[in-house]
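The data block below is target.txt; it holds compact mmCIF, C-alpha atoms.
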# COMPACT_ATOMS: atom_id res chain seq x y z
CA MET A 1031 0.00 0.00 0.00
CA ASP A 1032 2.86 2.37 0.89
CA ALA A 1033 4.43 1.89 -2.49
CA LEU A 1034 1.19 2.74 -4.21
CA PHE A 1035 1.07 6.30 -2.94
CA PRO A 1036 3.66 7.79 -5.24
CA VAL A 1037 2.09 5.96 -8.16
CA LEU A 1038 -1.34 7.19 -7.09
CA ILE A 1039 -0.06 10.74 -6.86
CA GLY A 1040 1.57 10.26 -10.24
CA VAL A 1041 -1.71 9.12 -11.80
CA VAL A 1042 -3.66 11.98 -10.20
CA GLY A 1043 -0.92 14.36 -11.36
CA VAL A 1044 -1.26 13.07 -14.90
CA LEU A 1045 -5.04 13.56 -14.86
CA PHE A 1046 -4.64 16.97 -13.31
CA TYR A 1047 -2.09 18.05 -15.89
CA LEU A 1048 -4.15 16.72 -18.78
CA SER A 1049 -7.39 18.28 -17.65
CA PHE A 1050 -5.69 21.60 -17.12
CA LYS A 1051 -4.13 21.40 -20.53
CA PHE A 1052 -7.44 20.61 -22.15
CA LEU A 1053 -9.71 22.95 -20.31
CA VAL A 1054 -7.95 25.76 -18.53
CA PHE A 1055 -4.62 26.73 -20.01
CA THR A 1056 -5.18 28.92 -23.01
CA ARG A 1057 -2.14 30.09 -24.79
CA LYS A 1058 -2.35 33.73 -25.67
CA ASN A 1059 -1.97 33.58 -29.39
CA GLU A 1060 -4.02 34.66 -32.33
CA PHE A 1061 -5.94 31.41 -32.47
CA SER A 1062 -6.94 31.54 -28.81
CA GLU A 1063 -8.26 35.06 -29.30
CA ILE A 1064 -10.31 33.96 -32.32
CA MET A 1065 -11.61 30.96 -30.44
CA ARG A 1066 -12.64 33.10 -27.50
CA TYR A 1067 -14.74 35.21 -29.83
CA GLU A 1068 -16.00 32.11 -31.63
CA SER A 1069 -17.02 30.34 -28.43
CA GLU A 1070 -19.24 33.27 -27.49
CA ARG A 1071 -20.83 33.35 -30.92
CA CYS A 1072 -21.51 29.63 -30.95
CA LEU A 1073 -22.68 29.29 -27.37
CA ARG A 1074 -24.91 32.37 -27.37
CA ASN A 1075 -26.09 32.52 -30.96
CA GLN A 1076 -25.98 28.91 -32.09
CA CYS A 1077 -23.09 29.70 -34.45
CA GLU A 1078 -25.23 32.06 -36.49
CA VAL A 1079 -23.38 34.13 -39.06
CA ASP A 1080 -24.26 37.18 -41.05
CA SER A 1081 -22.47 38.93 -43.86
CA ASN A 1082 -20.26 40.81 -41.36
CA TRP A 1083 -18.81 37.67 -39.89
CA ASN A 1084 -15.12 37.25 -40.56
CA PRO A 1085 -13.72 33.71 -40.55
CA HIS A 1086 -10.21 35.17 -40.05
CA GLY A 1087 -8.93 33.38 -43.09
CA ARG A 1088 -9.83 30.03 -41.62
CA ILE A 1089 -12.04 27.38 -43.05
CA TYR A 1090 -15.37 26.46 -41.62
CA THR A 1091 -18.24 24.04 -41.86
CA ASN A 1092 -21.75 25.06 -42.70
CA GLY A 1093 -25.10 24.25 -41.26
CA PHE A 1094 -28.55 25.72 -41.12
CA MET A 1095 -31.35 26.06 -38.67
CA ILE A 1096 -34.98 27.08 -39.03
CA GLU A 1097 -36.37 29.03 -36.12
CA GLU A 1098 -39.48 31.05 -35.46
CA LYS A 1099 -39.00 34.56 -34.17
CA ASN A 1100 -41.78 37.12 -33.74
CA GLY A 1101 -44.16 34.93 -35.72
CA LYS A 1102 -41.80 34.74 -38.69
CA THR A 1103 -39.80 31.77 -39.77
CA ARG A 1104 -36.12 32.57 -40.00
CA PHE A 1105 -33.54 30.72 -41.96
CA VAL A 1106 -30.43 30.81 -39.79
CA LYS A 1107 -27.14 30.30 -41.55
CA GLN A 1108 -24.59 28.73 -39.28
CA ALA A 1109 -20.84 28.32 -39.50
CA LYS A 1110 -18.25 26.83 -37.22
CA LEU A 1111 -14.55 27.37 -37.30
CA CYS A 1112 -12.66 24.17 -37.70
CA ASP A 1113 -9.47 22.91 -39.13
CA LEU A 1114 -10.77 21.66 -42.40
CA GLY A 1115 -14.04 22.31 -44.10
CA ILE A 1116 -14.61 24.84 -46.78
CA LEU A 1117 -14.66 28.57 -47.05
CA ASN A 1118 -17.10 30.36 -49.26
CA MET B 748 -33.71 29.01 -62.69
CA LYS B 749 -31.00 26.43 -63.22
CA PHE B 750 -27.74 25.91 -61.40
CA TYR B 751 -24.97 23.37 -61.81
CA GLY B 752 -22.41 21.48 -59.82
CA TRP B 753 -20.04 18.56 -60.24
CA LEU B 754 -20.30 15.34 -58.24
CA PRO B 755 -16.75 14.03 -57.81
CA THR B 756 -16.11 10.69 -59.44
CA ASN B 757 -12.77 8.94 -59.88
CA ARG B 758 -14.33 6.29 -62.10
CA GLY B 759 -15.30 8.96 -64.63
CA LYS B 760 -18.88 7.74 -64.68
CA ILE B 761 -21.66 8.10 -62.14
CA ASN B 762 -23.58 4.89 -61.62
CA PHE B 763 -26.81 4.36 -59.75
CA GLU B 764 -25.11 1.56 -57.76
CA PHE B 765 -22.72 4.04 -56.13
CA ILE B 766 -25.53 5.74 -54.23
CA LYS B 767 -25.73 4.87 -50.56
CA ILE B 768 -26.81 6.30 -47.23
CA PRO B 769 -23.82 8.17 -45.75
CA ASP B 770 -22.59 7.60 -42.21
CA VAL B 771 -23.59 11.12 -41.17
CA ILE B 772 -27.26 10.12 -41.27
CA LEU B 773 -28.10 8.27 -38.09
CA PRO B 774 -30.19 5.12 -38.68
CA SER B 775 -32.50 6.17 -35.84
CA HIS B 776 -33.29 9.42 -37.71
CA ILE B 777 -34.48 7.73 -40.88
CA TYR B 778 -38.28 7.82 -41.19
CA GLU B 779 -38.59 5.95 -44.46
CA ARG B 780 -36.31 4.46 -47.08
CA SER B 781 -36.52 2.23 -50.08
CA ILE B 782 -33.67 1.09 -52.26
CA SER B 783 -34.67 -0.93 -55.28
CA SER B 784 -33.67 -1.38 -58.90
CA ASP B 785 -36.12 1.40 -59.82
CA GLY B 786 -34.76 4.07 -57.59
CA PHE B 787 -33.53 5.28 -54.24
CA PHE B 788 -35.78 7.09 -51.82
CA ILE B 789 -35.07 8.32 -48.31
CA ARG B 790 -36.98 10.50 -45.87
CA SER B 791 -35.06 11.45 -42.78
CA LYS B 792 -34.34 14.11 -40.21
CA ALA B 793 -31.89 16.62 -41.71
CA ASP B 794 -29.53 16.43 -38.76
CA PHE B 795 -26.48 16.23 -41.00
CA PHE B 796 -26.71 19.95 -41.58
CA ASN B 797 -28.02 20.96 -38.23
CA ASP B 798 -24.85 19.69 -36.60
CA PHE B 799 -24.70 22.22 -33.79
CA GLU B 800 -26.61 20.33 -31.14
CA ASN B 801 -23.44 19.10 -29.46
CA LEU B 802 -22.63 22.66 -28.44
CA SER B 803 -26.13 23.46 -27.24
CA SER B 804 -25.84 20.67 -24.68
CA ILE B 805 -23.19 22.68 -22.80
CA SER B 806 -24.57 26.12 -23.51
CA LYS B 807 -27.02 28.10 -21.42
CA TYR B 808 -28.60 29.69 -24.47
CA GLN B 809 -31.04 27.47 -26.31
CA ARG B 810 -33.12 28.29 -29.34
CA ASN B 811 -36.31 26.69 -30.41
CA ALA B 812 -35.12 25.24 -33.65
CA LYS B 813 -37.72 23.61 -35.82
CA GLU B 814 -37.13 20.06 -36.82
CA VAL B 815 -36.21 19.90 -40.49
CA SER B 816 -36.72 16.74 -42.48
CA PHE B 817 -35.69 15.99 -46.01
CA GLU B 818 -36.66 13.71 -48.84
CA LEU B 819 -34.40 12.52 -51.61
CA LEU B 820 -35.47 10.53 -54.62
CA ILE B 821 -33.01 9.35 -57.26
CA GLN B 822 -34.38 7.21 -60.06
CA ARG B 823 -32.30 4.68 -61.89
CA ASP B 824 -31.73 7.09 -64.77
CA LEU B 825 -30.28 9.56 -62.20
CA ILE B 826 -33.20 11.96 -62.20
CA GLY B 827 -34.73 12.96 -58.93
CA TYR B 828 -35.62 15.62 -56.43
CA VAL B 829 -34.57 16.81 -53.01
CA LYS B 830 -36.92 18.46 -50.54
CA PHE B 831 -36.39 19.99 -47.13
CA SER B 832 -39.50 20.58 -45.11
CA TRP B 833 -40.55 21.79 -41.71
CA ASN B 834 -43.99 22.40 -40.26
CA ASP B 835 -44.83 25.53 -42.29
CA GLY B 836 -42.28 25.71 -45.09
CA SER B 837 -40.13 23.85 -47.54
CA ILE B 838 -37.26 23.98 -50.04
CA TYR B 839 -37.60 21.88 -53.16
CA SER B 840 -35.45 21.27 -56.20
CA GLU B 841 -35.31 18.77 -59.02
CA PHE B 842 -32.08 17.55 -60.53
CA ILE B 843 -30.58 15.54 -63.36
CA ILE B 844 -27.20 13.87 -62.96
CA GLN B 845 -25.17 13.27 -66.09
CA LYS B 846 -22.83 10.30 -66.39
CA ASN B 847 -19.75 12.55 -66.14
CA GLY B 848 -20.86 13.86 -62.75
CA VAL B 849 -22.37 17.17 -63.84
CA VAL B 850 -25.57 17.78 -61.93
CA CYS B 851 -28.16 20.24 -63.11
CA PHE B 852 -30.69 21.58 -60.62
CA SER B 853 -33.93 23.11 -61.77
CA ASN B 854 -37.29 24.29 -60.42
CA LEU B 855 -35.87 25.48 -57.14
CA SER B 856 -38.73 26.67 -54.98
CA ILE B 857 -38.50 28.11 -51.50
CA ASN B 858 -41.68 28.26 -49.50
CA MET B 859 -41.14 30.44 -46.44
CA ASN B 860 -43.10 33.15 -44.71
CA SER B 861 -40.16 35.55 -44.89
CA ASN B 862 -37.43 36.52 -47.32
CA ASP B 863 -34.70 36.41 -44.73
CA TYR B 864 -32.40 33.89 -46.38
CA ASP B 865 -29.30 33.61 -48.53
CA LEU B 866 -30.22 32.05 -51.88
CA ASN B 867 -26.67 30.94 -52.68
CA PHE B 868 -26.46 29.16 -49.38
CA ILE B 869 -29.69 27.29 -50.08
CA LYS B 870 -28.30 26.23 -53.46
CA ARG B 871 -25.24 24.87 -51.72
CA ILE B 872 -27.33 22.93 -49.26
CA VAL B 873 -29.31 21.34 -52.08
CA TYR B 874 -26.13 20.48 -53.99
CA THR B 875 -24.31 19.12 -50.94
CA THR B 876 -27.23 16.89 -50.03
CA VAL B 877 -27.10 15.21 -53.42
CA LYS B 878 -23.30 15.08 -53.27
CA ILE B 879 -23.03 13.26 -49.96
CA PHE B 880 -25.39 10.54 -51.22
CA VAL B 881 -23.80 10.06 -54.61
CA HIS B 882 -20.16 10.72 -53.80
CA GLY B 883 -19.67 10.31 -50.05
CA ASP B 884 -16.87 12.29 -48.40
CA ALA B 885 -14.20 9.77 -47.63
CA HIS B 886 -11.24 12.11 -48.11
CA HIS B 887 -12.42 14.90 -45.91
CA HIS B 888 -12.01 15.26 -42.23
CA GLN B 889 -15.26 17.14 -41.96
CA LYS B 890 -18.16 15.22 -43.37
CA ILE B 891 -20.36 18.20 -44.17
CA ASP B 892 -18.42 20.53 -46.31
CA ILE B 893 -18.90 22.25 -49.57
CA THR B 894 -15.71 22.01 -51.48
CA LEU B 895 -16.92 22.69 -54.96
CA PRO B 896 -18.66 25.77 -56.27
CA VAL B 897 -22.24 25.91 -57.47
CA ILE B 898 -22.52 27.69 -60.80
CA ASP B 899 -25.56 29.56 -62.07
CA ASN B 900 -27.01 29.34 -65.59
CA GLU B 901 -24.32 27.26 -67.30
CA PHE B 902 -21.81 24.60 -66.29
CA ASP B 903 -18.25 25.96 -66.27
CA GLU B 904 -15.47 23.38 -65.85
CA ASN B 905 -12.88 26.09 -65.22
CA LYS B 906 -14.69 27.27 -62.12
CA ILE B 907 -14.93 23.70 -60.83
CA SER B 908 -11.20 23.18 -61.38
CA GLU B 909 -10.52 26.42 -59.50
CA GLY B 910 -12.60 25.02 -56.63
CA LEU B 911 -10.63 21.77 -56.63
CA LEU B 912 -7.32 23.64 -56.70
CA ASP B 913 -8.42 26.01 -53.93
CA TYR B 914 -9.41 23.12 -51.73
CA ILE B 915 -6.00 21.45 -52.09
CA LYS B 916 -4.31 24.77 -51.39
CA ARG B 917 -6.41 25.13 -48.23
CA ILE B 918 -5.27 21.74 -47.00
CA GLU B 919 -1.66 22.78 -47.53
CA ARG B 920 -2.17 26.13 -45.87
CA ASN B 921 -3.80 24.53 -42.83
CA VAL B 922 -0.92 22.11 -42.44
CA LYS B 923 1.58 24.97 -42.75
CA LEU B 924 -0.20 27.12 -40.18
CA ASN B 925 -0.91 24.37 -37.67
CA ASN B 926 2.26 22.89 -36.32
CA GLU B 927 0.79 22.18 -32.90
CA CYS B 928 1.32 18.79 -31.39
CA SER B 929 -2.44 18.18 -31.34
CA LYS B 930 -2.51 18.34 -35.13
CA ILE B 931 0.30 15.83 -35.80
CA LEU B 932 -1.98 13.00 -36.88
CA LYS B 933 -4.25 15.36 -38.79
CA ASN B 934 -1.34 16.92 -40.65
CA GLU B 935 0.19 13.56 -41.49
CA ILE B 936 -3.12 12.29 -42.87
CA SER B 937 -3.84 15.56 -44.70
CA TYR B 938 -1.16 14.63 -47.18
CA TYR B 939 -2.87 11.34 -48.02
CA GLU B 940 -6.24 13.09 -48.16
CA SER B 941 -4.92 15.58 -50.65
CA GLU B 942 -3.46 12.75 -52.75
CA GLY B 943 -6.91 11.14 -52.77
CA TYR B 944 -8.45 14.43 -53.70
CA LEU B 945 -5.98 14.78 -56.56
CA SER B 946 -7.17 11.49 -58.03
CA TYR B 947 -10.63 13.06 -58.47
CA PHE B 948 -9.00 16.09 -60.03
CA SER B 949 -7.13 13.78 -62.38
CA THR B 950 -10.41 12.22 -63.52
CA PHE B 951 -11.88 15.69 -63.93
CA VAL B 952 -9.04 16.59 -66.32
CA ILE B 953 -9.79 13.48 -68.39
CA LEU B 954 -13.49 14.37 -68.51
CA PHE B 955 -13.01 18.08 -69.21
CA PRO B 956 -9.61 18.50 -70.88
CA SER B 957 -9.59 22.26 -71.36
CA ARG B 958 -6.34 24.20 -71.20
CA LYS B 959 -7.15 25.98 -67.97
CA VAL B 960 -8.27 22.77 -66.26
CA LYS B 961 -4.96 21.10 -67.19
CA LYS B 962 -3.04 24.09 -65.89
CA ASN B 963 -4.92 24.02 -62.59
CA TYR B 964 -4.23 20.30 -62.28
CA GLN B 965 -0.49 20.86 -62.65
CA LEU B 966 -0.63 23.62 -60.07
CA ALA B 967 -2.48 21.28 -57.69
CA GLN B 968 0.29 18.70 -58.13
CA ASN B 969 2.87 21.34 -57.22
CA VAL B 970 0.92 22.32 -54.11
CA ILE B 971 0.75 18.67 -53.02
CA ASN B 972 4.50 18.27 -53.58
CA SER B 973 5.05 21.23 -51.31
CA LEU B 974 2.71 19.71 -48.73
CA LYS B 975 4.60 16.43 -48.90
CA GLN B 976 7.91 18.17 -48.17
CA ILE B 977 6.44 20.01 -45.18
CA VAL B 978 5.04 16.80 -43.69
CA ASN B 979 8.29 14.90 -44.29
CA LYS B 980 10.44 17.65 -42.83
CA ARG B 981 8.40 17.80 -39.64
CA ARG B 982 8.43 14.02 -39.34
CA GLU B 983 12.23 13.99 -39.58
CA LYS B 984 12.55 16.68 -36.92
CA ARG B 985 10.20 14.81 -34.61
CA ASN B 986 12.06 11.54 -35.07
CA PHE B 987 15.34 13.28 -34.31
CA GLY B 988 13.91 14.76 -31.09
CA ASN B 989 12.61 11.35 -30.04
CA SER B 990 16.01 9.76 -30.65
CA ILE B 991 17.62 12.34 -28.32
CA ILE B 992 15.12 11.48 -25.58
CA THR B 993 15.84 7.76 -26.08
CA ILE B 994 19.61 8.38 -25.77
CA ILE B 995 19.15 10.34 -22.51
CA LEU B 996 16.95 7.65 -20.97
CA THR B 997 19.36 4.89 -22.06
CA PHE B 998 22.24 6.75 -20.38
CA LEU B 999 20.16 7.18 -17.24
CA GLY B 1000 19.37 3.45 -17.16
CA LEU B 1001 23.01 2.52 -17.71
CA PHE B 1002 24.15 4.95 -15.01
CA ILE B 1003 21.79 3.39 -12.43
CA SER B 1004 22.75 -0.16 -13.44
CA ILE B 1005 26.51 0.53 -13.25
CA ASN B 1006 26.05 2.31 -9.93
CA ILE B 1007 24.27 -0.70 -8.45
CA LEU B 1008 26.88 -3.04 -9.95
CA LEU B 1009 29.83 -1.14 -8.49
CA ASN B 1010 28.41 -0.02 -5.13
CA GLY B 1011 26.03 -2.87 -4.41
CA TYR B 1012 22.38 -2.80 -3.58
CA ASP B 1013 21.56 -1.11 -0.24
CA GLY B 1014 19.56 -3.91 1.30
CA ASP B 1015 19.60 -2.94 4.97
CA ILE B 1016 16.32 -1.11 4.92
CA CYS B 1017 13.70 -3.07 6.76
CA ILE B 1018 10.18 -3.44 5.48
CA GLU B 1019 8.68 -1.07 8.08
CA ASN B 1020 10.39 2.06 6.86
CA LEU B 1021 10.58 1.40 3.15
CA HIS B 1022 8.30 4.32 2.43
CA LYS B 1023 10.70 6.73 4.14
CA HIS B 1024 13.63 5.82 1.95
CA ARG B 1025 13.72 4.01 -1.28
CA PHE B 1026 10.08 4.13 -2.28
CA LEU B 1027 9.87 7.82 -1.60
CA VAL B 1028 12.75 8.52 -3.98
CA LEU B 1029 11.68 5.93 -6.53
CA GLY B 1030 8.14 7.25 -6.40
CA TRP B 1031 9.17 10.75 -7.24
CA ILE B 1032 11.52 9.52 -9.96
CA ALA B 1033 8.52 7.64 -11.36
CA VAL B 1034 6.45 10.84 -11.24
CA GLY B 1035 9.29 12.73 -12.93
CA VAL B 1036 9.57 10.18 -15.72
CA ILE B 1037 5.78 10.20 -16.16
CA LEU B 1038 5.77 13.99 -16.44
CA PHE B 1039 8.70 13.77 -18.85
CA TYR B 1040 6.71 11.53 -21.14
CA LEU B 1041 3.47 13.35 -20.54
CA ASN B 1042 3.90 15.83 -23.32
CA ILE B 1043 4.41 13.05 -25.85
CA PHE B 1044 1.40 11.25 -24.42
CA TYR B 1045 -0.64 14.45 -24.49
CA CYS B 1046 0.26 15.09 -28.13
CA THR B 1047 -0.63 11.56 -29.16
CA LEU B 1048 -3.90 11.55 -27.25
CA TYR B 1049 -4.94 15.01 -28.38
CA SER B 1050 -4.00 14.20 -31.97
CA TYR B 1051 -6.13 11.10 -31.82
CA ILE B 1052 -9.10 12.95 -30.34
CA PHE B 1053 -8.73 15.67 -32.93
CA TYR B 1054 -8.74 13.24 -35.79
CA SER B 1055 -11.12 10.51 -34.67
CA ASN B 1056 -13.50 12.29 -32.32
CA TYR B 1057 -13.63 15.75 -33.74
CA GLU B 1058 -16.90 16.64 -31.96
CA MET B 1059 -15.26 15.94 -28.61
CA PHE B 1060 -12.29 18.09 -29.54
CA GLU B 1061 -14.62 20.87 -30.55
CA ILE B 1062 -16.55 20.77 -27.28
CA LEU B 1063 -13.27 20.82 -25.32
CA GLU B 1064 -12.05 23.80 -27.35
CA TYR B 1065 -15.26 25.71 -26.75
CA LEU B 1066 -15.23 24.82 -23.06
CA LYS B 1067 -11.68 26.03 -22.79
CA HIS B 1068 -12.47 29.43 -24.21
CA ALA B 1069 -16.04 29.88 -23.03
CA LYS B 1070 -16.98 32.22 -20.23
CA PHE B 1071 -18.37 30.54 -17.16
CA ARG B 1072 -21.69 32.38 -17.35
CA ASP B 1073 -22.36 31.11 -20.88
CA LEU B 1074 -22.39 27.48 -19.78
CA ASN B 1075 -25.24 25.47 -18.34
CA TRP B 1076 -24.80 23.20 -15.32
CA LYS B 1077 -23.31 20.43 -17.44
CA GLY B 1078 -20.77 22.72 -19.06
CA LYS B 1079 -19.88 24.31 -15.73
CA LEU B 1080 -19.35 20.89 -14.19
CA ILE B 1081 -16.99 19.82 -16.95
CA LYS B 1082 -15.11 23.10 -16.81
CA LEU B 1083 -14.66 22.64 -13.06
CA ILE B 1084 -13.10 19.16 -13.41
CA PRO B 1085 -9.53 20.52 -13.13
CA LEU B 1086 -10.48 22.24 -9.88
CA PHE B 1087 -11.91 19.01 -8.48
CA LEU B 1088 -8.78 17.16 -9.48
CA PHE B 1089 -6.64 19.83 -7.87
CA ILE B 1090 -8.56 19.45 -4.58
CA ILE B 1091 -8.16 15.66 -4.69
CA LEU B 1092 -4.45 16.03 -5.43
CA MET B 1093 -3.94 18.42 -2.53
CA TYR B 1094 -5.85 16.13 -0.20
CA LEU B 1095 -3.75 13.12 -1.22
CA LEU B 1096 -0.52 15.07 -0.90
CA GLN B 1097 -1.46 16.23 2.57
CA TYR B 1098 -2.37 12.70 3.59
CA TYR B 1099 0.87 11.33 2.18
CA LEU B 1100 3.03 13.95 3.87
CA MET B 1101 1.30 13.39 7.20
CA TYR B 1102 1.91 9.69 6.77
CA LEU B 1103 5.65 10.31 6.20
CA ILE B 1104 5.95 12.47 9.30
What would the structure in this file look like if it were written as structure tokens?
Amino acid sequence: MDALFPVLIGVVGVLFYLSFKFLVFTRKNEFSEIMRYESERCLRNQCEVDSNWNPHGRIYTNGFMIEEKNGKTRFVKQAKLCDLGILN
Amino acid sequence: MKFYGWLPTNRGKINFEFIKIPDVILPSHIYERSISSDGFFIRSKADFFNDFENLSSISKYQRNAKEVSFELLIQRDLIGYVKFSWNDGSIYSEFIIQKNGVVCFSNLSINMNSNDYDLNFIKRIVYTTVKIFVHGDAHHHQKIDITLPVIDNEFDENKISEGLLDYIKRIERNVKLNNECSKILKNEISYYESEGYLSYFSTFVILFPSRKVKKNYQLAQNVINSLKQIVNKRREKRNFGNSIITIILTFLGLFISINILLNGYDGDICIENLHKHRFLVLGWIAVGVILFYLNIFYCTLYSYIFYSNYEMFEILEYLKHAKFRDLNWKGKLIKLIPLFLFIILMYLLQYYLMYLI
């Protein structure tokens, strides 16, 4: 049991490090800035885009959504930044 | 109003037998289907475009999206229609597919109670729907993409070849820009994807051998050559780095072995106080070695997630950058996992140190 403690701490350390790397540490570069903006757009507005949206030279995937707003059906054009899709 | 597109074919001929239900359509979302020698018909939920639900599960902001279904009929002579419909509206278009892959859409009608839509985007949706059934998207990382342009009024092979060339250039540019460890697998496979894509371009040149198309094909080959060199160069650098790590660890192992051989093994520690001596040191060496290898492990794991489980990668990326207030309870819980782990780690450390004292 005694010998297991360092290993246990090692395993917890690994999980801790990985989870921090995945979820918390954000490197301050151009991409992280874009993604910060993108996360707000996608989480708040269901990735809706209009003609003013700038994909920052990156490529994105498309989708669409039909929603009803003020009694009118709206065709919502969606786009997500990703590594490989297509830009149009 | 007519518009045209090209359905990629490496065989040079579109056959009815090539048509199949793509993986992006979940079997549980299919309402009706019939595949016979007369034709192919499917009626299903159009979830392959509305692919944003995975983010709404962690977001606080939800919209009341209407469920969109679609119908696709392709007869044996490659004539058919595609229709998207929701409770009070629809989009409908007929199409004819030629043997060489050119698809002509006609009679596009949009039945909506507002004019708030982008017509070009709707054309793309109609074209892509037909494309993913007839062609499939085996070479692309993202299953729903629109790589080729839709052309109004008259088919123009030069524009299609520009689209093919642009797409290959985009692959190369993405690989050049993304040299992060999480993209290693993606970048390596991008080269093979682009080679596969080039085979379609090659068939396109045979089908439409105009001067500009041939020129674009040669340019695409050059771009892929450049991509190949980038991928190879990075692979060499990575292999060299790994060999240095291997040398260091081999020296460390030899040093410990020779030390034990020359000085003997210190065997006078009794079993009661093992934890205060050898296992303490060995434990922390183990932790050090684990942390040393962690970055390699992280790269491999993250690369794999990025390539094979892209949706998961995307959710993690959005969680990482999202503000806490924009997440629902599920998103908040996931974002707090590092904090929970930190508390557990601190608790274990405290317990372990108290045990040592």
Closest of B:Ser861, B:Ser783, B:Asn1010, B:Asn757 to Ser949 in chain B - atom-to-atom distances counting all atoms listed in the file: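 For Ser949 in chain B, the nearest of the candidates is B:Asn757.
Taking all atoms listed in the file into account, the residues near (-3.6, 24.2, -44.0), no farther than 10 Å, are A:Arg1088, A:Ile1089, A:Asp1113, A:Leu1114, B:Tyr914, B:Ile915, B:Lys916, B:Arg917, B:Ile918, B:Glu919, B:Arg920, B:Asn921, B:Val922, B:Lys923, B:Leu924, B:Asn925, B:Asn926, B:Asn934, B:Ser937, B:Leu974.
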Selected residue, from A:Glu1063, A:Ser1081, A:Arg1071, A:Gly1040, that lies nearest to chain B when counting only C-alpha atoms: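 Going through A:Glu1063, A:Ser1081, A:Arg1071, A:Gly1040 one by one, the smallest distance to chain B is for A:Gly1040.
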Top pick for closest residue to Tyr1067 in chain A, considering A:Phe1094, A:Asn1082, A:Leu1045, A:Leu1111 and counting all atoms listed in the file: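 The answer is A:Leu1111, which sits nearest to Tyr1067 in chain A.
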Length of the CA of Asn854 in chain B to CA of Lys749 in chain B vector [Å]: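 CA of Lys749 in chain B lies 7.2 Å from CA of Asn854 in chain B.
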Residue neighbourhood range 1071-1079 of chain B, 8 Å, all atoms listed in the file, exclusion window fewer than 2 positions, as a ChimeraX atom specification: /A:1070,1073-1074 /B:804-808,1066,1069,1081-1083
Residue contacts of range 975-980 of chain B (7 Å, only C-alpha atoms) excluding same-chain residues fewer than 3 positions away, as a PDB file with C-alpha atoms, in the coordinates of the input:
ATOM      1  CA  GLU B 935       0.190  13.560 -41.490  1.00  0.00           C
ATOM      2  CA  TYR B 938      -1.160  14.630 -47.180  1.00  0.00           C
ATOM      3  CA  ILE B 971       0.750  18.670 -53.020  1.00  0.00           C
ATOM      4  CA  ASN B 972       4.500  18.270 -53.580  1.00  0.00           C
ATOM      5  CA  GLU B 983      12.230  13.990 -39.580  1.00  0.00           C
ATOM      6  CA  LYS B 984      12.550  16.680 -36.920  1.00  0.00           C
TER       7      LYS B 984
END
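Straight-line separation from CA of Ser957 in chain B to CA of Thr756 in chain B: 17.8 Å.
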CA of Arg985 in chain B to CA of Thr997 in chain B, distance in Å rounded to a single decimal: 18.4 Å
Residue contacts of Lys961 in chain B (9 Å, only C-alpha atoms) excluding same-chain residues fewer than 6 positions away, as a PyMOL selection string: chain B and resi 908+952+955
Local residues around (-30.0, 11.7, -69.2), at most 10 Å away, using all atoms listed in the file, as a PyMOL selection string: chain B and resi 824-826+843-846
Distance criterion (only C-alpha atoms): nearest to chain B out of A:Gln1108, A:Arg1066, A:Lys1099, A:Trp1083: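 With only C-alpha atoms as the atom set, the closest residue is A:Arg1066.
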Please return the centre and edge lengths, in Å to one decimal, of a box with edges along x, y and z that contains all listed atoms of range 1086-1099 of chain B, widened by 5 Å on every side, as lines of an AutoDock Vina configuration file.
center_x = -5.5
center_y = 16.8
center_z = -3.1
size_x = 22.8
size_y = 20.9
size_z = 23.5
Residue nearest chain A - candidates B:Tyr947, B:Tyr1051, B:Phe763, B:Phe1044, atoms counted: all atoms listed in the file: B:Phe1044
Taking 2 positions as the minimum chain separation for residues in the same chain, which residues sit within 9 Å of Lys1102 in chain A when counting only C-alpha atoms? Answer as a PDB file with C-alpha atoms, in the coordinates of the input.
ATOM      1  CA  GLU A1097     -36.370  29.030 -36.120  1.00  0.00           C
ATOM      2  CA  GLU A1098     -39.480  31.050 -35.460  1.00  0.00           C
ATOM      3  CA  LYS A1099     -39.000  34.560 -34.170  1.00  0.00           C
ATOM      4  CA  ASN A1100     -41.780  37.120 -33.740  1.00  0.00           C
ATOM      5  CA  ARG A1104     -36.120  32.570 -40.000  1.00  0.00           C
TER       6      ARG A1104
ATOM      7  CA  MET B 859     -41.140  30.440 -46.440  1.00  0.00           C
ATOM      8  CA  ASN B 860     -43.100  33.150 -44.710  1.00  0.00           C
ATOM      9  CA  SER B 861     -40.160  35.550 -44.890  1.00  0.00           C
TER      10      SER B 861
END
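When all atoms listed in the file are used to measure the gap to chain B, the shortest distance among A:Ser1069, A:Gly1101, A:Ile1064, A:Ala1109 belongs to A:Ser1069.
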